Amino acid sequence: MQHSGRGPKVSLRGASAKEVSRDALLEKVAQERASRLLVRKTAASAVLIQRVWRGRRAAREAAEREGADWDAGIISKKHIHASYTADDISKKVLRPFLFLFSHPSGLSFHSSRGAKNVSRIAPCFKLLLDSISSTDPRSNYCSLAIGSLEEQSRWVYQAHKILELCSAVLANDGSAWNSIEGARTILPGLTMRVMVAMTDASMWKSSSLQESRDKANLAILSLLEWLVKGNSGLFPAVRSYVLTNFPIPKTGKDNDHPPERDKFIVTASAITMALRPLTVLSAAYPVQPEVNEGVRNSEASCVPAAEIFAAHILTIPFLVQRIPPSLVPALQHPSALAPCLRSFGVSMSGPMKAATSSRTQMSKVGQELELFPPSLWALANLVSLASGSGPATVKGKEIAGRFVKGLECEDYVQALCCLLSDLRPWIDSKQQQQRFRSRYTSEDCDEGDVNHFGIFMDNASGSIDHSSNDDFTAVHQLLQENLKPVHQTWHLQQLLEACKNSATAKEEPGGMQALQGGSAKEKKPLGLPEVAKLYSSLLAAFTAFNLSGGYPILDVLALSQSLFPLLWDWLRSSLKLPTSVGYSSKSTIPSSRSAFAPKDGNPAKNAGGKWAAALVLRMRTRSSGAEGSTTADKAGSSNLEKLDSSRESEADLGASQLWALEAMRKGPVGVPSDAVPVLSLFCASYAHLLVVMDDEQFYERQFPFTLEQQRIIAAMLNTMVYYGLMTPSKGQDATLMDAAVRCLRSLYERDCRRSFCDAALWLAPATALDLHTAAAARAHREVSTASAKMGDSFQGSGLGAVLTTIPHVLPFEKRVHIFRDHVKQDKMLKRMGGEAVGPGPGTIEIAVRRDHIVEDGFAQLNGLGSKLKSCINVSFVNELGLSEAGLDYGGLFKEFLTNLAKSAFDPGYGMFVQTATEEGLLYPHQAAASLVHGLQMIEFLGQIIGKALYEGILLEYSFSPLFVAKLLGRSSFLDDLSSLDVELHRNLMYLKHYEDDARDLALDFTVTQELFGKHSVVELRPGGADIAVTNENKLVYVYAMADYKLNRQMRPIIQAFIKGLSDLIAPSWLGLFNAKEFNQLLSGGEHDFDVEDLRAHTRYTGGFTDSSRTVKLFWEVVAGLEAHERCALLKFVTSCSRAPLLGFKHLQPAFTIHKVVCDAPVWAIIGGQDVERLPSASTCYNTLKLPTYKRLSTLREKLRYAICSNAGFELS
């Protein structure tokens, strides 16, 4: 039954469908309550707005009335000013006047009301100054400062407001003052006079004030403390005034044009007011050894004053260059500079950021300066202020510069270190950007350049290139000039002298108390670690700022003769390093200086005997090493140790234990914290010096270190770097590791050129390392790949990092195994990618003429790039144009490669020349780049070398170590020039040590280059034709000439060769080796080979076996040959006189002896007619075709004849 009508509908739950639930009801009530609350708040806000607006309007109207009354009573009645008492000035003049500026618009000089107020400032301040200068106590306004409590309170309040107003006037740029007569020229000076008078009791002329001087001084001190701690705005105002009125000076010049007189007075007053809290408070509250209760502590007054002054004023960019020079001595006075140095002795990054980060301050600094942090400007200003003018005397010698009088070097060093520490995050970010950019610009640079003496090449004459008009460049150059004192010799000398004085004072009885000046707070004396930390930080900063790449700092360190002995003695004592390490009898270098230095101190007189002694010593060492060497294992043993016996045969376990210095086996982590900056600075500066140090200084004069000390230094760095790389490094160790690696590499490369260390020294840290070739190669690839992607920012650890950074700690043989594994893995990847790396489908087919092998090979293979890794099948074309019969299973390609290299690298071909050394090693001809397709041919020859290394084919030629060093990206040394041009090297050494006036030699910074009979003049530096060589710049000339000969002249050729070589061999693979090892990798081992190893890996064909009579006779003859004859035999068969590095099991194709059947009577064994035929060879298959000789003597005679005259050298 259905309900009819409109009655309530009943739900199944028994409630009405329109009934509101409890939750909905509560929500509705809450919404209504919130709505009523919003209405009440809106009404209250409206009332408040109306009240504030009415109040502001009432205040403005009251201010207008007060202003009108003030104008009527003060400006229009100037004749009654003299009758004003101090109380009248306070109540009738200053109270309404200050009320006018209590409203925000009163301080707005751009509003109409503010403009009226500006016109009222001058008469009010003139009246105030007249009152202060009055001798009548009743008329002198400042007499209120010593009056009743009510008068003192009123005076303090009004003084605060007056100083705030003066600061606001000083900070205003004056753009609204132009319409006010005299405001722009008079008002700033007037306000500064008021500030000076209000804060200097000596200007209060009242007789009562003269009698109550102590009370007046207390009032002044209270006012100065308020300036420091309150919101007076004085220091931001001074900063703003200097930034607005004194633009950045021109680069390289101070303010040549003095400012206007009024501006000078205002600036002097502003600087005086900013300095007054420091000078007055420090004089009033001197530091006491004990602070009694009730006595003011200077720390509570002077420190905040120094901090706020340092944060606001000393962070003004180029402050010293902006302000008039006559004001600089005030900033250099000890009472001002010393507190600031102590303030900067702790981190000030917070106050400096707060003082300089406001929008107003940043807008006045300028866009070109906003990119730099305030710590940098504080650093530059402190360096400029601490550097005095004129020469000084140290130890009776006059030096070019000096510190200002009264400077505490301890505070100075500490302040600079703290500022540089604050700069560290910014420096790290800049270095990260530079590393990122260097990944794209590194190909334009040559790491091996000898030009590492940066200041010699850039700033030797003290001039800087100002040709650029770019603002940022101008700022950059001005900053470099501002920081110039820190990379001058006098700066370092005086700091070292201060260290010595501190150490002397510390040792004397009561010395430390005198040194600290009796302060309650102990002052840390200046020591070598602090100076080292300063220069280490400066080096990083100069590098980050791109200030000549940090070379100015390195130059002054490297040229300091007293620095290195000091650093080394301190390090040896701190790290507990030994003074010497025991040597084995096979040491290649004498352990005493006398082996190189002449007895009578005359190098020229004893030169012949000296070099003869060194030569005899080297010959004896080689002979002893040869006699003591052992025979390798018969099957599969390597020739490597015997081939490199002069170095690695000495690496026994006992010697390795000696050279792995115990003190350094924890890596950088084990270096004491105070020794880290000393060691870092030592490594960076000594690595810089090693690059430009010639052999005479290093080996003969042995300065700055003896060879004994050089070995200890090398062992120390070698051990520390190895263990540092094998363990994960921390961020703070990165700087030390970078410097140590650079120094270690320089020492190792010099040892590779001319040995002064045992081989065991370099191998010592990794002697106990259990190395698996595949794992090591994989780790090396991983680190190399990551380093290529991330650049220098990548910091790996473990075995891969060791192989990338210091691979010399592993024996050469193991590194060759790793190299071969890289090639093996690369071939596997190529094979998986479908490329033909062996005989079969997809190989590259070429046909070449034997008498045009270079031209045909270049025409068909040039431009293939990395495709040269594929298998190449070669067919030779005879003189008739027909292909020679035969299939290439590797032998023909080997013949093609060896013959092409033999022809192309022959000096007669013109692409390469032989060096001036006895070995006659190869070096690119300087004219190669000027030939038609010359650079393309050089690139192609680089590919040929890469293909030989890739396939393991040995070539007969060896390259100059200088050229190989360029290929490997290693440094060049000045003495490397002797291998290219003996006469030029001798002349440069003569000039370097020339003691008379170098102008007599009539040299300039040019070099004459001859090319194809034509002469051209090349300037070694811009404008070199007009720069004469003098005693001051002769080192610049020497290294500029060496840089041109070793780098600039050959750079295009070397880059082209590297490009071709890199198509087949990754640079990281070659980074495993030094220059000598590269030649061994390319040309095989040196001198002799192991006969038993050759016999164990020889194949026999044609009926021969290992037990055949002729074969036995052959091996007996080979064993009895001289070393050079065995090498000739190897060349006769394989076309290369050197054995494979890893033994004959790696010779491809294998060494083969083929039987040549010849008729001979049986009695030939005992004396009949033996076989007359000579042995012959197929070099493409490494096959010796040996007739069946019956007698030993016959075989010996025929074999010697064949190998010495190349008789029977033919193809089958």
# chains A, B, ... in the order shown; residues from 1 in each chain; ligands from 1

$ residues_around --residues "range 135-151 of chain A" --least-positions-apart "3" --cutoff "8 Å" --atoms "only C-alpha atoms" --output "mmCIF file with all heavy atoms, in the first residue's frame"
data_model
loop_
_atom_site.group_PDB
_atom_site.id
_atom_site.type_symbol
_atom_site.label_atom_id
_atom_site.label_comp_id
_atom_site.auth_asym_id
_atom_site.auth_seq_id
_atom_site.Cartn_x
_atom_site.Cartn_y
_atom_site.Cartn_z
ATOM 1 N N SER A 83 72.078 83.302 21.227
ATOM 2 C CA SER A 83 71.525 83.333 22.584
ATOM 3 C C SER A 83 70.968 81.998 23.028
ATOM 4 O O SER A 83 70.498 81.873 24.164
ATOM 5 C CB SER A 83 70.423 84.409 22.670
ATOM 6 O OG SER A 83 69.364 84.083 21.777
ATOM 7 N N TYR A 84 71.013 80.978 22.122
ATOM 8 C CA TYR A 84 70.484 79.675 22.488
ATOM 9 C C TYR A 84 71.405 79.004 23.491
ATOM 10 O O TYR A 84 72.631 78.974 23.321
ATOM 11 C CB TYR A 84 70.344 78.791 21.261
ATOM 12 C CG TYR A 84 69.107 79.088 20.431
ATOM 13 C CD1 TYR A 84 68.996 78.591 19.139
ATOM 14 C CD2 TYR A 84 68.053 79.850 20.944
ATOM 15 C CE1 TYR A 84 67.874 78.836 18.367
ATOM 16 C CE2 TYR A 84 66.942 80.110 20.182
ATOM 17 C CZ TYR A 84 66.864 79.607 18.898
ATOM 18 O OH TYR A 84 65.744 79.873 18.147
ATOM 19 N N THR A 85 70.776 78.461 24.525
ATOM 20 C CA THR A 85 71.533 77.642 25.463
ATOM 21 C C THR A 85 71.550 76.204 24.978
ATOM 22 O O THR A 85 70.868 75.844 24.003
ATOM 23 C CB THR A 85 70.907 77.713 26.868
ATOM 24 O OG1 THR A 85 69.590 77.134 26.805
ATOM 25 C CG2 THR A 85 70.845 79.155 27.366
ATOM 26 N N ALA A 86 72.307 75.370 25.684
ATOM 27 C CA ALA A 86 72.358 73.952 25.321
ATOM 28 C C ALA A 86 70.985 73.331 25.468
ATOM 29 O O ALA A 86 70.571 72.503 24.648
ATOM 30 C CB ALA A 86 73.384 73.237 26.196
ATOM 31 N N ASP A 87 70.263 73.741 26.504
ATOM 32 C CA ASP A 87 68.933 73.179 26.706
ATOM 33 C C ASP A 87 67.990 73.648 25.607
ATOM 34 O O ASP A 87 67.134 72.890 25.153
ATOM 35 C CB ASP A 87 68.403 73.609 28.078
ATOM 36 C CG ASP A 87 67.277 72.716 28.557
ATOM 37 O OD1 ASP A 87 67.509 71.490 28.675
ATOM 38 O OD2 ASP A 87 66.164 73.230 28.783
ATOM 39 N N ILE A 89 68.823 74.377 22.513
ATOM 40 C CA ILE A 89 69.157 73.616 21.300
ATOM 41 C C ILE A 89 68.549 72.223 21.365
ATOM 42 O O ILE A 89 68.031 71.710 20.379
ATOM 43 C CB ILE A 89 70.681 73.552 21.124
ATOM 44 C CG1 ILE A 89 71.227 74.957 20.820
ATOM 45 C CG2 ILE A 89 71.062 72.581 20.011
ATOM 46 C CD1 ILE A 89 72.730 75.010 20.742
ATOM 47 N N SER A 90 68.607 71.598 22.525
ATOM 48 C CA SER A 90 68.081 70.249 22.663
ATOM 49 C C SER A 90 66.574 70.220 22.517
ATOM 50 O O SER A 90 66.032 69.358 21.817
ATOM 51 C CB SER A 90 68.503 69.672 24.016
ATOM 52 O OG SER A 90 67.905 68.414 24.229
ATOM 53 N N LEU A 128 74.304 73.544 15.389
ATOM 54 C CA LEU A 128 74.844 72.534 16.305
ATOM 55 C C LEU A 128 76.370 72.628 16.380
ATOM 56 O O LEU A 128 76.948 72.545 17.475
ATOM 57 C CB LEU A 128 74.410 71.143 15.843
ATOM 58 C CG LEU A 128 74.799 69.970 16.732
ATOM 59 C CD1 LEU A 128 74.174 70.114 18.121
ATOM 60 C CD2 LEU A 128 74.360 68.658 16.098
ATOM 61 N N SER A 131 77.419 75.580 18.426
ATOM 62 C CA SER A 131 77.225 75.319 19.851
ATOM 63 C C SER A 131 78.340 74.445 20.408
ATOM 64 O O SER A 131 78.848 74.704 21.504
ATOM 65 C CB SER A 131 75.860 74.651 20.066
ATOM 66 O OG SER A 131 75.701 74.257 21.417
ATOM 67 N N ILE A 132 78.720 73.395 19.652
ATOM 68 C CA ILE A 132 79.758 72.488 20.138
ATOM 69 C C ILE A 132 81.087 73.211 20.276
ATOM 70 O O ILE A 132 81.876 72.921 21.170
ATOM 71 C CB ILE A 132 79.888 71.284 19.196
ATOM 72 C CG1 ILE A 132 78.612 70.433 19.247
ATOM 73 C CG2 ILE A 132 81.096 70.416 19.553
ATOM 74 C CD1 ILE A 132 78.597 69.294 18.261
ATOM 75 N N ARG A 154 68.639 62.522 27.503
ATOM 76 C CA ARG A 154 68.170 63.230 26.323
ATOM 77 C C ARG A 154 69.299 63.402 25.299
ATOM 78 O O ARG A 154 69.091 63.236 24.090
ATOM 79 C CB ARG A 154 67.617 64.593 26.745
ATOM 80 C CG ARG A 154 66.999 65.339 25.621
ATOM 81 C CD ARG A 154 66.227 66.591 26.044
ATOM 82 N NE ARG A 154 66.298 66.923 27.430
ATOM 83 C CZ ARG A 154 66.886 68.036 27.899
ATOM 84 N NH1 ARG A 154 67.464 68.881 27.074
ATOM 85 N NH2 ARG A 154 66.878 68.314 29.189
ATOM 86 N N TRP A 155 70.499 63.716 25.785
ATOM 87 C CA TRP A 155 71.632 63.903 24.867
ATOM 88 C C TRP A 155 71.983 62.603 24.133
ATOM 89 O O TRP A 155 72.237 62.612 22.935
ATOM 90 C CB TRP A 155 72.845 64.389 25.659
ATOM 91 C CG TRP A 155 74.049 64.654 24.784
ATOM 92 C CD1 TRP A 155 74.338 65.796 24.147
ATOM 93 C CD2 TRP A 155 75.105 63.729 24.473
ATOM 94 N NE1 TRP A 155 75.508 65.682 23.424
ATOM 95 C CE2 TRP A 155 75.999 64.412 23.614
ATOM 96 C CE3 TRP A 155 75.382 62.422 24.823
ATOM 97 C CZ2 TRP A 155 77.147 63.811 23.109
ATOM 98 C CZ3 TRP A 155 76.510 61.817 24.319
ATOM 99 C CH2 TRP A 155 77.399 62.499 23.461
ATOM 100 N N VAL A 156 71.975 61.484 24.860
ATOM 101 C CA VAL A 156 72.301 60.200 24.235
ATOM 102 C C VAL A 156 71.285 59.859 23.160
ATOM 103 O O VAL A 156 71.644 59.443 22.039
ATOM 104 C CB VAL A 156 72.371 59.089 25.299
ATOM 105 C CG1 VAL A 156 72.427 57.706 24.649
ATOM 106 C CG2 VAL A 156 73.568 59.282 26.196
ATOM 107 N N MET A 198 80.739 65.192 17.159
ATOM 108 C CA MET A 198 79.952 64.513 18.200
ATOM 109 C C MET A 198 80.717 63.353 18.833
ATOM 110 O O MET A 198 80.421 62.962 19.967
ATOM 111 C CB MET A 198 78.653 63.986 17.590
ATOM 112 C CG MET A 198 77.664 65.058 17.175
ATOM 113 S SD MET A 198 76.844 65.841 18.583
ATOM 114 C CE MET A 198 75.821 64.518 19.186
ATOM 115 N N TRP A 204 85.047 69.465 21.838
ATOM 116 C CA TRP A 204 84.073 70.111 22.717
ATOM 117 C C TRP A 204 84.818 71.195 23.486
ATOM 118 O O TRP A 204 85.570 70.924 24.428
ATOM 119 C CB TRP A 204 83.450 69.110 23.680
ATOM 120 C CG TRP A 204 82.730 67.982 22.951
ATOM 121 C CD1 TRP A 204 82.495 67.877 21.642
ATOM 122 C CD2 TRP A 204 82.174 66.830 23.560
ATOM 123 N NE1 TRP A 204 81.836 66.712 21.341
ATOM 124 C CE2 TRP A 204 81.606 66.034 22.534
ATOM 125 C CE3 TRP A 204 82.068 66.366 24.872
ATOM 126 C CZ2 TRP A 204 80.970 64.828 22.759
ATOM 127 C CZ3 TRP A 204 81.423 65.168 25.110
ATOM 128 C CH2 TRP A 204 80.881 64.396 24.049
ATOM 129 N N LYS A 205 84.616 72.465 23.144
ATOM 130 C CA LYS A 205 85.436 73.556 23.660
ATOM 131 C C LYS A 205 84.980 74.098 25.007
ATOM 132 O O LYS A 205 85.606 74.988 25.563
ATOM 133 C CB LYS A 205 85.457 74.711 22.650
ATOM 134 C CG LYS A 205 85.965 74.309 21.266
ATOM 135 C CD LYS A 205 87.370 73.765 21.342
ATOM 136 C CE LYS A 205 87.888 73.410 19.958
ATOM 137 N NZ LYS A 205 89.267 72.876 19.997
ATOM 138 N N SER A 206 83.931 73.575 25.545
ATOM 139 C CA SER A 206 83.424 74.081 26.824
ATOM 140 C C SER A 206 84.453 73.869 27.923
ATOM 141 O O SER A 206 85.095 72.817 28.004
ATOM 142 C CB SER A 206 82.111 73.388 27.186
ATOM 143 O OG SER A 206 81.694 73.742 28.478
ATOM 144 N N SER A 207 84.609 74.905 28.781
ATOM 145 C CA SER A 207 85.574 74.808 29.879
ATOM 146 C C SER A 207 85.172 73.753 30.887
ATOM 147 O O SER A 207 86.022 73.043 31.450
ATOM 148 C CB SER A 207 85.706 76.170 30.573
ATOM 149 O OG SER A 207 84.418 76.607 31.057
ATOM 150 N N SER A 208 83.874 73.569 31.100
ATOM 151 C CA SER A 208 83.432 72.539 32.038
ATOM 152 C C SER A 208 83.743 71.147 31.503
ATOM 153 O O SER A 208 84.062 70.228 32.254
ATOM 154 C CB SER A 208 81.931 72.694 32.321
ATOM 155 O OG SER A 208 81.193 72.509 31.117
ATOM 156 N N LEU A 209 83.660 71.005 30.164
ATOM 157 C CA LEU A 209 83.981 69.714 29.569
ATOM 158 C C LEU A 209 85.464 69.428 29.684
ATOM 159 O O LEU A 209 85.883 68.271 29.816
ATOM 160 C CB LEU A 209 83.552 69.698 28.101
ATOM 161 C CG LEU A 209 82.029 69.695 27.869
ATOM 162 C CD1 LEU A 209 81.734 69.874 26.390
ATOM 163 C CD2 LEU A 209 81.398 68.418 28.380
ATOM 164 N N SER A 212 85.951 68.064 33.092
ATOM 165 C CA SER A 212 85.337 66.732 33.295
ATOM 166 C C SER A 212 85.662 65.836 32.090
ATOM 167 O O SER A 212 84.768 65.275 31.454
ATOM 168 C CB SER A 212 83.827 66.864 33.481
ATOM 169 O OG SER A 212 83.516 67.743 34.539
ATOM 170 N N LYS A 215 84.473 62.088 32.231
ATOM 171 C CA LYS A 215 83.053 61.865 31.966
ATOM 172 C C LYS A 215 82.743 62.022 30.472
ATOM 173 O O LYS A 215 81.953 61.270 29.913
ATOM 174 C CB LYS A 215 82.210 62.848 32.782
ATOM 175 C CG LYS A 215 82.225 62.590 34.274
ATOM 176 C CD LYS A 215 81.282 63.545 34.995
ATOM 177 C CE LYS A 215 81.253 63.261 36.497
ATOM 178 N NZ LYS A 215 80.336 64.192 37.211
ATOM 179 N N ALA A 216 83.370 63.016 29.876
ATOM 180 C CA ALA A 216 83.142 63.212 28.443
ATOM 181 C C ALA A 216 83.643 62.015 27.634
ATOM 182 O O ALA A 216 82.990 61.567 26.686
ATOM 183 C CB ALA A 216 83.839 64.502 27.987
ATOM 184 N N ALA A 219 81.246 59.233 27.825
ATOM 185 C CA ALA A 219 80.110 59.455 26.931
ATOM 186 C C ALA A 219 80.483 59.128 25.481
ATOM 187 O O ALA A 219 79.682 58.530 24.739
ATOM 188 C CB ALA A 219 79.638 60.902 27.054
#

$ residues_around --residues "Ile248 in chain A" --least-positions-apart "6" --cutoff "9 Å" --atoms "only C-alpha atoms" --output "ChimeraX atom specification"
/A:317-319,321-322,475

$ write_last_selection --atoms "N, CA and C atoms" --output "PDB file, in the first residue's frame"
ATOM      1  N   PRO A 317      85.439  46.258  -3.118  1.00  0.00           N
ATOM      2  CA  PRO A 317      86.389  45.847  -4.162  1.00  0.00           C
ATOM      3  C   PRO A 317      87.395  46.952  -4.481  1.00  0.00           C
ATOM      4  N   PHE A 318      88.679  46.590  -4.412  1.00  0.00           N
ATOM      5  CA  PHE A 318      89.776  47.502  -4.747  1.00  0.00           C
ATOM      6  C   PHE A 318      89.713  48.778  -3.911  1.00  0.00           C
ATOM      7  N   LEU A 319      89.518  48.611  -2.621  1.00  0.00           N
ATOM      8  CA  LEU A 319      89.409  49.762  -1.719  1.00  0.00           C
ATOM      9  C   LEU A 319      90.654  50.634  -1.785  1.00  0.00           C
ATOM     10  N   GLN A 321      92.825  51.041  -4.079  1.00  0.00           N
ATOM     11  CA  GLN A 321      92.969  51.752  -5.335  1.00  0.00           C
ATOM     12  C   GLN A 321      91.887  52.809  -5.542  1.00  0.00           C
ATOM     13  N   ARG A 322      90.751  52.662  -4.862  1.00  0.00           N
ATOM     14  CA  ARG A 322      89.648  53.614  -5.038  1.00  0.00           C
ATOM     15  C   ARG A 322      89.900  54.924  -4.290  1.00  0.00           C
ATOM     16  N   VAL A 475      88.770  43.904 -14.628  1.00  0.00           N
ATOM     17  CA  VAL A 475      88.705  43.558 -13.205  1.00  0.00           C
ATOM     18  C   VAL A 475      89.669  42.425 -12.898  1.00  0.00           C
TER      19      VAL A 475
END

$ residues_around --residues "range 1193-1203 of chain A" --least-positions-apart "4" --cutoff "9 Å" --atoms "only C-alpha atoms" --output "list in words"
Thr1110, Leu1113, Phe1114, Val1117, Val1118, Leu1121, Glu1125, Ala1128, Leu1129, Leu1130, Lys1131, Phe1132, Val1133, Asp1170, Val1171, Glu1172, Arg1173, Leu1174, Pro1175, Ser1176, Pro1187, Thr1188, Tyr1189, Ala1207, Gly1208 and Phe1209 of chain A

$ closest_residue --among "A:Gly388, A:Gly1060, A:Gly401, A:Gly527" --to "Ser866 in chain A" --atoms "only C-alpha atoms"
A:Gly1060

$ residues_around --residues "range 770-772 of chain A" --least-positions-apart "2" --cutoff "10 Å" --atoms "only C-alpha atoms" --output "PyMOL selection string"
chain A and resi 766-768+774-777+799+810+814+817-818

$ atom_distance --atom1 "CA of Gly350 in chain A" --atom2 "CA of Ser421 in chain A"
13.3 Å

$ atom_distance --atom1 "CA of Val328 in chain A" --atom2 "CA of Val280 in chain A"
18.6 Å

$ residues_around --residues "range 672-685 of chain A" --least-positions-apart "6" --cutoff "6 Å" --atoms "only C-alpha atoms" --output "list in words"
Pro529, Ala532, Lys533, Ser536, Leu554, Leu557, Ala558, Leu736, Ala739, Ala740 and Cys743 of chain A

$ write_last_selection --atoms "N, CA and C atoms" --output "compact mmCIF listing (two decimals), in the first residue's frame"
# COMPACT_ATOMS: atom_id res chain seq x y z
N PRO A 529 104.52 25.47 9.02
CA PRO A 529 103.24 24.93 8.54
C PRO A 529 102.23 26.02 8.20
N ALA A 532 103.28 27.56 4.91
CA ALA A 532 103.01 26.60 3.84
C ALA A 532 101.52 26.51 3.54
N LYS A 533 100.71 26.55 4.58
CA LYS A 533 99.26 26.52 4.36
C LYS A 533 98.81 27.75 3.58
N SER A 536 99.97 27.32 -0.08
CA SER A 536 99.20 26.25 -0.73
C SER A 536 97.81 26.74 -1.10
N LEU A 554 104.07 29.63 -7.97
CA LEU A 554 105.06 28.57 -8.14
C LEU A 554 106.43 29.14 -8.48
N LEU A 557 108.17 30.47 -5.39
CA LEU A 557 108.58 29.35 -4.53
C LEU A 557 109.78 28.63 -5.11
N ALA A 558 109.74 28.39 -6.43
CA ALA A 558 110.82 27.66 -7.07
C ALA A 558 112.12 28.44 -7.07
N LEU A 736 96.66 17.31 -1.73
CA LEU A 736 97.97 16.72 -1.46
C LEU A 736 98.30 15.64 -2.47
N ALA A 739 99.28 17.20 -5.93
CA ALA A 739 100.63 17.76 -5.93
C ALA A 739 101.68 16.66 -5.86
N ALA A 740 101.42 15.64 -5.03
CA ALA A 740 102.39 14.55 -4.90
C ALA A 740 102.53 13.76 -6.19
N CYS A 743 104.69 15.80 -8.67
CA CYS A 743 106.11 15.78 -8.30
C CYS A 743 106.71 14.39 -8.54

$ select_by_dssp --residues "range 840-971 of chain A" --states "helix (DSSP H, G or I)" --output "CSV table (one decimal) with C-alpha atoms, in the first residue's frame"
chain,number,residue,atom,x,y,z
A,850,ARG,CA,107.1,-3.3,-53.9
A,851,ASP,CA,108.9,-0.2,-55.2
A,852,HIS,CA,106.0,2.1,-54.3
A,853,ILE,CA,105.0,0.5,-51.1
A,854,VAL,CA,104.6,3.8,-49.1
A,855,GLU,CA,102.6,5.6,-51.8
A,856,ASP,CA,100.3,2.6,-52.5
A,857,GLY,CA,99.7,1.9,-48.8
A,858,PHE,CA,98.9,5.6,-48.1
A,859,ALA,CA,96.5,5.8,-51.1
A,860,GLN,CA,94.6,2.7,-50.1
A,861,LEU,CA,94.6,2.8,-46.3
A,865,GLY,CA,90.7,5.4,-39.3
A,866,SER,CA,89.8,2.8,-36.7
A,867,LYS,CA,88.8,0.4,-39.5
A,868,LEU,CA,92.5,-0.4,-39.8
A,869,LYS,CA,91.9,-2.7,-36.8
A,891,GLY,CA,102.9,-13.2,-43.4
A,892,LEU,CA,102.5,-11.0,-46.4
A,893,PHE,CA,100.8,-8.3,-44.3
A,894,LYS,CA,103.7,-8.5,-41.9
A,895,GLU,CA,106.2,-8.0,-44.8
A,896,PHE,CA,104.1,-5.1,-46.1
A,897,LEU,CA,104.0,-3.4,-42.7
A,898,THR,CA,107.7,-3.9,-41.9
A,899,ASN,CA,108.8,-2.8,-45.4
A,900,LEU,CA,106.5,0.2,-45.4
A,901,ALA,CA,107.9,1.3,-42.0
A,902,LYS,CA,111.4,0.7,-43.2
A,903,SER,CA,110.9,3.0,-46.2
A,904,ALA,CA,108.7,5.7,-44.6
A,907,PRO,CA,115.7,9.5,-42.9
A,908,GLY,CA,116.2,9.6,-46.7
A,909,TYR,CA,112.5,9.6,-47.2
A,928,ALA,CA,107.1,17.6,-42.9
A,929,ALA,CA,104.0,19.8,-42.2
A,930,SER,CA,104.9,22.0,-45.1
A,934,GLY,CA,102.5,16.1,-45.2
A,935,LEU,CA,100.3,16.1,-42.1
A,936,GLN,CA,98.1,13.4,-43.7
A,937,MET,CA,101.2,11.3,-44.2
A,938,ILE,CA,102.3,11.8,-40.6
A,939,GLU,CA,98.8,10.8,-39.4
A,940,PHE,CA,99.0,7.7,-41.6
A,941,LEU,CA,102.4,6.8,-40.2
A,942,GLY,CA,100.9,7.1,-36.7
A,943,GLN,CA,98.3,4.6,-37.8
A,944,ILE,CA,101.0,2.2,-39.1
A,945,ILE,CA,102.7,2.4,-35.7
A,946,GLY,CA,99.4,1.8,-34.0
A,947,LYS,CA,98.7,-1.2,-36.3
A,948,ALA,CA,102.1,-2.7,-35.5
A,949,LEU,CA,101.4,-2.4,-31.8
A,950,TYR,CA,97.9,-3.7,-32.2
A,951,GLU,CA,99.0,-6.8,-34.1
A,961,PRO,CA,112.4,9.7,-26.1
A,962,LEU,CA,111.5,13.3,-26.6
A,963,PHE,CA,109.1,12.4,-29.4
A,964,VAL,CA,107.7,9.5,-27.4
A,965,ALA,CA,107.2,11.7,-24.4
A,966,LYS,CA,105.1,14.0,-26.6
A,967,LEU,CA,103.0,11.0,-27.7
A,968,LEU,CA,102.4,10.0,-24.1

$ residues_around --residues "Pro277 in chain A" --least-positions-apart "3" --cutoff "9 Å" --atoms "only C-alpha atoms" --output "NGL selection string"
:A and (221 or 224-225 or 227-228 or 273-274 or 280-282 or 301-302 or 305-306 or 309)
